[in-house]
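Scroll down for the structure; my scribbles are underneath it.
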Amino acid sequence: MNRPNTFRAGPDERGRFGSYGGRFVAETLMPLILELEAAWEAAKTDPAFWAEMADWSKDYIGRPSPLYHAARLTEHCKGAKIYFKRDELNHTGSHKINNVVGQMLLALRMGKKRVIAETGAGQHGVATATVAARLGLECIIYMGERDIERQRPNVFRMELLGAKIHPVTSGSRTLKDAMNEALRDWVTNVETTFYVIGTVAGPHPYPAMVRDFQSVIGTEARAQMQEKEGRLPDVLVAAVGGGSNAMGLFFPFLDDPSVRIVGVEAEGRGIETGEHAAALTAGTPGVLHGSRSYLLQDADGQVVEPHSISAGLDYPGIGPEHSWLKDMGRVEYATIKDDEALDAFQLCSRLEGIIPALEPSHALAHVLKLAPTLSPETLLVMNMCGRGDKDVAAVAEHLAARR
């Protein structure tokens with residue numbers, strides 16, 4: 001396969017990354033998708049929009065997030081020097097708010113007063129409810145019944161912020177089903193409603209737009225590493241469910257060949273069991289939620305229900321840009337099982353005094369395998385994309401069951 005001159009030029013005018021991406025939506029949605037694309041193209045070149053984003057980032061989100069040397073974890077691994085990009089310190093506790101602020105400012109530009117969102121782990125829902133409260137917008141959150149049980153603290157936070165939670169009882173009652181219901185709402189209320197998609201999936205322009213809002217993570221990490229070490233990092237590692245935190249860290253480094261880039265999928269109980277959420281590792285190309293990408297499906301093209309201990313990674317698809325980067329060989333994709341993520345969750349808490357969310361615990365578990373194989377001169381950055389408050393109760397149950 002021919003290597004492009006740049007990995008940062010996509011998508012093309014049809015919203016494609018190679019053969020992935022695009023716009024596979026109902027006819028009733030197409031006018032709004034085109035309206036959204038026009039609004040986004042205008043905002044991208046408007047200094048006033050980015051000045052407003054900068055104000056929100058500094059004074060409301062709390063950016064820049066620190067680049068932290070995890071010294072005790074580095075000593076434990078006896079290999080690469082490990083840094084965390086600490087996006088769990090953002091307001092609302094994850095990277096999700098970077099993208100939500102951007103989309104909400106677009107919603108205001110488009111005159112929308114009602115916003116909807118889907119959420120799995122609840123972090124995207126909390127971020128959406130938070131910014132909607134700040135802006136005085138009506139906010140509806142779709143969430144699978146199973147995820148509501150797994151993420152009770154975040155459900156309460158969303159309700160406290162004034163959002164209305166719609167439990168989704170169809171399918172596996174997780175993120176995929178919540179996204180299905182949100183899309184149905186959008187089709188029904190297309191004139192009044194803005195759909196705040198939480199990851200780099202969905203129809204064009206969402207994958208590129210969410211990536212661009214999240215790229216602040218990698219842009220900051222690049223400057224911070226230059227300041228601390230005088231050079232670029234050697235390795236980047238991030239968890240991938242839909243893939244937004246990973247694209248945010250990876251994108252500013254895609255054209256730096258010296259930087260090795262690794263995405264970590266949820267292997268659940270093991271690829272061989274079929275109970276996992278590793279779309280890139282064990283999936284095939286197909287269409288889901290408005291775009292073409294790798295996804296978990298059977299021989300008839302029916303979506304296979306995923307499994308992960310992490311509600312945020314429990315999704316059968318992946319953002320289309322990740323699929324293209326996998327095929328191009330620019331990004332490596334590894335897998336981590338539930339138990340390995342649980343072990344990493346505990347180790348990070350004990351060694352660094354940082355309780356990570358289960359999503360970055362997957363990335364951390366891979367770091368624990370990779371770092372000891374690398375030299376002490378190697379600089380490794382892992383995106384700590386969410387804090388673990390929301391997962392503490394669920395982890396306690398899993399650990400009790402293991403005893």
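Following the order of the structure tokens, chains are lettered A, B, ..., residues in each are numbered from 1, and ligands are numbered from 1.
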Give me the range 242-319 of chain A side of the contact with range 119-143 of chain A, cut-off 9 Å, one line per residue showing its nearest atom pair and distance in Å at one decimal, counting only C-alpha atoms, sorted by chain and residue number, as a Markdown table.
```
| residue | atom | partner | partner_atom | distance |
| --- | --- | --- | --- | --- |
| A:Ser310 | CA | A:Ala121 | CA | 7.3 |
| A:Ala311 | CA | A:Ala121 | CA | 4.7 |
| A:Gly312 | CA | A:Ala121 | CA | 4.5 |
| A:Leu313 | CA | A:Gly120 | CA | 8.0 |
| A:Asp314 | CA | A:Gly120 | CA | 7.6 |
| A:Tyr315 | CA | A:Gly120 | CA | 8.6 |
```
Using the selection just defined, write its residues with C-alpha atoms as a compact mmCIF listing (two decimals), in the first residue's frame.
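New file part30.txt:
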```txt
# COMPACT_ATOMS: atom_id res chain seq x y z
CA SER A 310 -15.37 -0.66 30.65
CA ALA A 311 -18.66 0.91 29.60
CA GLY A 312 -16.76 3.50 27.56
CA LEU A 313 -15.05 0.84 25.43
CA ASP A 314 -18.12 -1.39 25.08
CA TYR A 315 -18.83 -0.45 21.43
```
Per residue of range 132-226 of chain A within 12 Å of range 28-33 of chain A, note the shortest atom pair and the distance in Å to one decimal, counting only C-alpha atoms, and order the rows by chain and increasing residue number, as a tab-separated table.
```
residue	atom	partner	partner_atom	distance
A:Leu183	CA	A:Leu29	CA	9.4
A:Arg184	CA	A:Leu29	CA	10.2
A:Asp185	CA	A:Leu29	CA	11.0
A:Trp186	CA	A:Leu29	CA	7.9
A:Val187	CA	A:Leu29	CA	6.0
A:Thr188	CA	A:Thr28	CA	8.9
A:Asn189	CA	A:Leu29	CA	9.9
A:Val190	CA	A:Leu29	CA	7.0
A:Glu191	CA	A:Leu32	CA	8.0
A:Thr192	CA	A:Leu32	CA	10.3
A:Thr193	CA	A:Leu32	CA	9.7
A:Phe194	CA	A:Leu32	CA	9.1
A:Tyr195	CA	A:Leu32	CA	10.3
A:Gly202	CA	A:Ile33	CA	10.7
A:Pro203	CA	A:Ile33	CA	8.0
A:His204	CA	A:Ile33	CA	7.7
A:Pro205	CA	A:Ile33	CA	7.7
A:Tyr206	CA	A:Ile33	CA	9.2
```
Store the residues picked out above, limited to N, CA, C and O atoms, as an mmCIF file, in the first residue's frame.
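Below is the file result.cif, written as the result:
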```cif
data_model
loop_
_atom_site.group_PDB
_atom_site.id
_atom_site.type_symbol
_atom_site.label_atom_id
_atom_site.label_comp_id
_atom_site.auth_asym_id
_atom_site.auth_seq_id
_atom_site.Cartn_x
_atom_site.Cartn_y
_atom_site.Cartn_z
ATOM 1 N N LEU A 183 -30.013 8.672 17.371
ATOM 2 C CA LEU A 183 -30.197 8.943 15.940
ATOM 3 C C LEU A 183 -31.683 9.007 15.585
ATOM 4 O O LEU A 183 -32.109 9.837 14.782
ATOM 5 N N ARG A 184 -32.504 8.138 16.209
ATOM 6 C CA ARG A 184 -33.952 8.178 15.951
ATOM 7 C C ARG A 184 -34.544 9.508 16.427
ATOM 8 O O ARG A 184 -35.397 10.103 15.768
ATOM 9 N N ASP A 185 -34.123 9.968 17.610
ATOM 10 C CA ASP A 185 -34.579 11.262 18.129
ATOM 11 C C ASP A 185 -34.210 12.366 17.151
ATOM 12 O O ASP A 185 -35.027 13.243 16.829
ATOM 13 N N TRP A 186 -32.979 12.338 16.656
ATOM 14 C CA TRP A 186 -32.489 13.379 15.754
ATOM 15 C C TRP A 186 -33.316 13.435 14.469
ATOM 16 O O TRP A 186 -33.681 14.522 13.995
ATOM 17 N N VAL A 187 -33.644 12.277 13.920
ATOM 18 C CA VAL A 187 -34.461 12.233 12.703
ATOM 19 C C VAL A 187 -35.829 12.866 12.964
ATOM 20 O O VAL A 187 -36.375 13.613 12.139
ATOM 21 N N THR A 188 -36.387 12.609 14.156
ATOM 22 C CA THR A 188 -37.730 13.090 14.487
ATOM 23 C C THR A 188 -37.744 14.590 14.767
ATOM 24 O O THR A 188 -38.721 15.281 14.464
ATOM 25 N N ASN A 189 -36.655 15.105 15.362
ATOM 26 C CA ASN A 189 -36.628 16.503 15.810
ATOM 27 C C ASN A 189 -35.518 17.297 15.117
ATOM 28 O O ASN A 189 -34.875 18.153 15.725
ATOM 29 N N VAL A 190 -35.327 17.029 13.851
ATOM 30 C CA VAL A 190 -34.161 17.530 13.144
ATOM 31 C C VAL A 190 -34.115 19.061 13.083
ATOM 32 O O VAL A 190 -33.046 19.657 13.066
ATOM 33 N N GLU A 191 -35.274 19.716 13.106
ATOM 34 C CA GLU A 191 -35.282 21.175 12.951
ATOM 35 C C GLU A 191 -34.800 21.901 14.196
ATOM 36 O O GLU A 191 -34.262 23.002 14.111
ATOM 37 N N THR A 192 -35.012 21.307 15.363
ATOM 38 C CA THR A 192 -34.737 22.023 16.615
ATOM 39 C C THR A 192 -33.521 21.506 17.372
ATOM 40 O O THR A 192 -33.096 22.137 18.342
ATOM 41 N N THR A 193 -32.991 20.373 16.938
ATOM 42 C CA THR A 193 -32.066 19.624 17.797
ATOM 43 C C THR A 193 -30.665 19.520 17.204
ATOM 44 O O THR A 193 -30.498 19.297 16.002
ATOM 45 N N PHE A 194 -29.671 19.642 18.074
ATOM 46 C CA PHE A 194 -28.271 19.395 17.709
ATOM 47 C C PHE A 194 -27.837 18.113 18.405
ATOM 48 O O PHE A 194 -27.989 17.975 19.621
ATOM 49 N N TYR A 195 -27.272 17.168 17.640
ATOM 50 C CA TYR A 195 -26.797 15.901 18.198
ATOM 51 C C TYR A 195 -25.315 16.031 18.511
ATOM 52 O O TYR A 195 -24.488 16.161 17.602
ATOM 53 N N GLY A 202 -19.718 8.198 13.523
ATOM 54 C CA GLY A 202 -20.871 8.881 12.958
ATOM 55 C C GLY A 202 -20.582 9.384 11.557
ATOM 56 O O GLY A 202 -19.485 9.219 11.017
ATOM 57 N N PRO A 203 -21.596 10.021 10.937
ATOM 58 C CA PRO A 203 -21.431 10.504 9.564
ATOM 59 C C PRO A 203 -20.527 11.733 9.504
ATOM 60 O O PRO A 203 -20.417 12.485 10.468
ATOM 61 N N HIS A 204 -19.888 11.936 8.364
ATOM 62 C CA HIS A 204 -19.116 13.152 8.122
ATOM 63 C C HIS A 204 -20.026 14.366 8.309
ATOM 64 O O HIS A 204 -21.163 14.344 7.831
ATOM 65 N N PRO A 205 -19.635 15.422 9.043
ATOM 66 C CA PRO A 205 -18.259 15.767 9.417
ATOM 67 C C PRO A 205 -17.859 15.374 10.839
ATOM 68 O O PRO A 205 -16.808 15.814 11.311
ATOM 69 N N TYR A 206 -18.683 14.552 11.553
ATOM 70 C CA TYR A 206 -18.379 14.288 12.960
ATOM 71 C C TYR A 206 -16.983 13.707 13.215
ATOM 72 O O TYR A 206 -16.281 14.193 14.114
#
```
Where does DSSP see alpha helix (DSSP H) in range 166-210 of chain A, if you list the residues as a list of chain:residue names?
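In range 166-210 of chain A, DSSP puts these residues in alpha helix (DSSP H): A:Leu175, A:Lys176, A:Asp177, A:Ala178, A:Met179, A:Asn180, A:Glu181, A:Ala182, A:Leu183, A:Arg184, A:Asp185, A:Trp186, A:Val187, A:Thr188, A:Tyr206, A:Pro207, A:Ala208, A:Met209, A:Val210.
Shortest separation to Gly62 in chain A among A:Val259, A:His76, A:Gly93, A:Glu35 occurs at residue A:Gly93, atoms counted being only C-alpha atoms.
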Please measure the separation of CA of Val331 in chain A and CA of Leu358 in chain A, giving the value in Å to one decimal.
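Answer for the CA of Val331 in chain A to CA of Leu358 in chain A separation: 22.0 Å.
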In Å to one decimal, how far is CA of Gly102 in chain A from CA of Phe213 in chain A?
6.5 Å
Residues of range 34-260 of chain A in strand (DSSP E or B) according to DSSP, as number ranges by chain?
A: 67-69, 81-85, 94, 114-119, 138-144, 164-168, 193-195, 235-239, 260
For the selection you just gave me, I'd like the residues written to a file as a PDB file, in the first residue's frame, keeping C-alpha atoms.
```pdb
ATOM      1  CA  LEU A  67       2.170  16.226  31.371  1.00  0.00           C
ATOM      2  CA  TYR A  68       3.145  14.230  34.442  1.00  0.00           C
ATOM      3  CA  HIS A  69       6.208  12.007  34.946  1.00  0.00           C
ATOM      4  CA  LYS A  81      10.317   6.815  31.074  1.00  0.00           C
ATOM      5  CA  ILE A  82       6.529   7.018  31.478  1.00  0.00           C
ATOM      6  CA  TYR A  83       4.514  10.215  31.272  1.00  0.00           C
ATOM      7  CA  PHE A  84       0.750  10.659  31.704  1.00  0.00           C
ATOM      8  CA  LYS A  85      -1.137  13.320  29.745  1.00  0.00           C
ATOM      9  CA  SER A  94     -12.307  13.356  31.275  1.00  0.00           C
ATOM     10  CA  ARG A 114     -32.170  21.488  22.304  1.00  0.00           C
ATOM     11  CA  VAL A 115     -29.215  19.114  22.433  1.00  0.00           C
ATOM     12  CA  ILE A 116     -29.135  15.319  22.595  1.00  0.00           C
ATOM     13  CA  ALA A 117     -26.268  12.937  23.282  1.00  0.00           C
ATOM     14  CA  GLU A 118     -25.566   9.254  23.839  1.00  0.00           C
ATOM     15  CA  THR A 119     -23.248   7.997  26.529  1.00  0.00           C
ATOM     16  CA  GLU A 138     -32.483  21.676  27.001  1.00  0.00           C
ATOM     17  CA  CYS A 139     -30.462  18.452  27.295  1.00  0.00           C
ATOM     18  CA  ILE A 140     -31.539  14.866  26.618  1.00  0.00           C
ATOM     19  CA  ILE A 141     -29.135  11.966  27.274  1.00  0.00           C
ATOM     20  CA  TYR A 142     -29.631   8.436  25.874  1.00  0.00           C
ATOM     21  CA  MET A 143     -27.987   5.706  27.929  1.00  0.00           C
ATOM     22  CA  GLY A 144     -28.282   1.925  27.905  1.00  0.00           C
ATOM     23  CA  LYS A 164     -33.216  14.203  31.232  1.00  0.00           C
ATOM     24  CA  ILE A 165     -31.986  10.601  31.031  1.00  0.00           C
ATOM     25  CA  HIS A 166     -33.660   8.248  28.555  1.00  0.00           C
ATOM     26  CA  PRO A 167     -32.901   4.611  29.535  1.00  0.00           C
ATOM     27  CA  VAL A 168     -32.445   2.414  26.448  1.00  0.00           C
ATOM     28  CA  THR A 193     -32.066  19.624  17.797  1.00  0.00           C
ATOM     29  CA  PHE A 194     -28.271  19.395  17.709  1.00  0.00           C
ATOM     30  CA  TYR A 195     -26.797  15.901  18.198  1.00  0.00           C
ATOM     31  CA  VAL A 235       5.962   6.232  21.952  1.00  0.00           C
ATOM     32  CA  LEU A 236       2.308   7.249  22.383  1.00  0.00           C
ATOM     33  CA  VAL A 237      -0.288   4.908  23.932  1.00  0.00           C
ATOM     34  CA  ALA A 238      -4.044   5.455  24.307  1.00  0.00           C
ATOM     35  CA  ALA A 239      -7.182   3.358  24.773  1.00  0.00           C
ATOM     36  CA  ARG A 260       5.623   4.986  17.486  1.00  0.00           C
TER      37      ARG A 260
END
```
Near Phe17 in chain A, counting only C-alpha atoms, which residues have an atom at most 7 Å away, once you skip same-chain residues fewer than 3 positions from it, shown as a ChimeraX atom specification?
/A:10-12,20-21,320-321,324
Taking C-alpha atoms for each residue, export the selection above as a PDB file, in the first residue's frame.
```
ATOM      1  CA  GLY A  10      -8.096  13.623   5.562  1.00  0.00           C
ATOM      2  CA  PRO A  11     -10.939  13.301   5.133  1.00  0.00           C
ATOM      3  CA  ASP A  12     -11.582  14.043   1.456  1.00  0.00           C
ATOM      4  CA  TYR A  20     -13.742   4.461   5.378  1.00  0.00           C
ATOM      5  CA  GLY A  21     -16.027   7.182   6.718  1.00  0.00           C
ATOM      6  CA  PRO A 320     -13.175   5.473  10.501  1.00  0.00           C
ATOM      7  CA  GLU A 321      -9.851   7.323  10.687  1.00  0.00           C
ATOM      8  CA  TRP A 324      -7.559   3.829   7.729  1.00  0.00           C
TER       9      TRP A 324
END
```
Write out as a list in words each polymer residue whose atoms come within 9 Å of Leu374 in chain A, counting only C-alpha atoms; drop sequence neighbours fewer than 5 positions from it.
Lys78, Gly79 and Ala80 of chain A
Pick the closest to Val367 in chain A from A:Met247, A:Leu288, A:Ala38, A:Cys77: which is it, counting only C-alpha atoms?
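Of all the options, A:Cys77 lies closest to Val367 in chain A.
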What's the 12 Å shell around Asn2 in chain A, counting only C-alpha atoms, without same-chain residues fewer than 5 positions away, as a count of residues only?
6
Find the residue from A:Arg72, A:His95, A:Arg222, A:Arg157 that sits nearest to Cys385 in chain A; use only C-alpha atoms when measuring.
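Using only C-alpha atoms, Cys385 in chain A sits closest to A:His95.
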Do you know which residues are at most 8 Å from range 293-307 of chain A counting only C-alpha atoms, after dropping those on the same chain fewer than 3 positions away, and could you put them as a PDB file with C-alpha atoms, in the first residue's frame?
```pdb
ATOM      1  CA  TYR A  20     -13.742   4.461   5.378  1.00  0.00           C
ATOM      2  CA  GLY A  21     -16.027   7.182   6.718  1.00  0.00           C
ATOM      3  CA  SER A 172     -27.468  -5.185  24.715  1.00  0.00           C
ATOM      4  CA  GLY A 268     -12.847  -8.366  27.297  1.00  0.00           C
ATOM      5  CA  ARG A 269     -12.757 -12.050  28.274  1.00  0.00           C
ATOM      6  CA  GLU A 275     -16.823 -11.627  24.347  1.00  0.00           C
ATOM      7  CA  HIS A 276     -14.739  -8.562  23.538  1.00  0.00           C
ATOM      8  CA  ALA A 277     -14.926  -5.138  21.896  1.00  0.00           C
ATOM      9  CA  ALA A 278     -11.846  -5.317  19.647  1.00  0.00           C
ATOM     10  CA  ALA A 279     -13.304  -4.101  16.332  1.00  0.00           C
ATOM     11  CA  LEU A 280      -9.957  -3.467  14.644  1.00  0.00           C
ATOM     12  CA  ALA A 282     -11.279  -9.074  15.176  1.00  0.00           C
ATOM     13  CA  GLY A 283     -13.789  -7.095  13.082  1.00  0.00           C
ATOM     14  CA  THR A 284     -14.381  -6.536   9.377  1.00  0.00           C
ATOM     15  CA  PRO A 285     -15.379  -3.423   7.395  1.00  0.00           C
ATOM     16  CA  GLY A 286     -19.065  -2.516   7.419  1.00  0.00           C
ATOM     17  CA  VAL A 287     -21.474   0.367   8.013  1.00  0.00           C
ATOM     18  CA  LEU A 288     -22.701   1.440  11.452  1.00  0.00           C
ATOM     19  CA  ASP A 314     -18.124  -1.395  25.082  1.00  0.00           C
ATOM     20  CA  TYR A 315     -18.827  -0.451  21.434  1.00  0.00           C
ATOM     21  CA  PRO A 316     -18.826  -2.746  18.353  1.00  0.00           C
ATOM     22  CA  GLY A 317     -17.275  -0.192  15.991  1.00  0.00           C
ATOM     23  CA  ILE A 318     -14.410   2.289  15.786  1.00  0.00           C
ATOM     24  CA  GLY A 319     -13.892   5.728  14.261  1.00  0.00           C
ATOM     25  CA  PRO A 320     -13.175   5.473  10.501  1.00  0.00           C
ATOM     26  CA  SER A 323      -9.505   1.974  10.401  1.00  0.00           C
TER      27      SER A 323
END
```
Applying 9 Å and only C-alpha atoms, which residues near range 348-356 of chain A remain after dropping the ones on its own chain fewer than 2 positions away? List them as a VMD selection string.
chain A and resid 70 to 73 76 88 343 to 346 358 to 361 364 384 to 389 391 to 392
Serialized selection, C-alpha atoms, as an mmCIF file, in the first residue's frame:
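Result went into selection_28.cif, see below:
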```
data_model
loop_
_atom_site.group_PDB
_atom_site.id
_atom_site.type_symbol
_atom_site.label_atom_id
_atom_site.label_comp_id
_atom_site.auth_asym_id
_atom_site.auth_seq_id
_atom_site.Cartn_x
_atom_site.Cartn_y
_atom_site.Cartn_z
ATOM 1 C CA ALA A 70 4.937 8.798 36.549
ATOM 2 C CA ALA A 71 8.174 8.150 38.420
ATOM 3 C CA ARG A 72 7.113 5.208 40.587
ATOM 4 C CA LEU A 73 5.478 3.419 37.665
ATOM 5 C CA HIS A 76 8.284 -0.437 38.641
ATOM 6 C CA GLU A 88 -8.690 13.309 33.777
ATOM 7 C CA ASP A 343 -4.788 -5.104 37.698
ATOM 8 C CA ALA A 344 -3.503 -1.899 36.094
ATOM 9 C CA PHE A 345 -6.318 0.079 37.791
ATOM 10 C CA GLN A 346 -5.096 -1.108 41.205
ATOM 11 C CA LEU A 358 -11.316 1.717 33.382
ATOM 12 C CA GLU A 359 -10.857 3.115 29.858
ATOM 13 C CA PRO A 360 -7.263 4.374 30.328
ATOM 14 C CA SER A 361 -6.600 1.364 32.573
ATOM 15 C CA LEU A 364 -1.984 1.474 31.179
ATOM 16 C CA MET A 384 -4.910 9.379 31.167
ATOM 17 C CA CYS A 385 -8.214 10.294 29.574
ATOM 18 C CA GLY A 386 -10.576 9.801 32.541
ATOM 19 C CA ARG A 387 -10.603 9.534 36.300
ATOM 20 C CA GLY A 388 -11.889 6.485 38.117
ATOM 21 C CA ASP A 389 -14.424 7.894 40.567
ATOM 22 C CA ASP A 391 -15.764 3.087 38.258
ATOM 23 C CA VAL A 392 -14.855 2.527 41.910
#
```
To one decimal place, how far is CA of Val200 in chain A from CA of Arg23 in chain A in Å?
13.4 Å
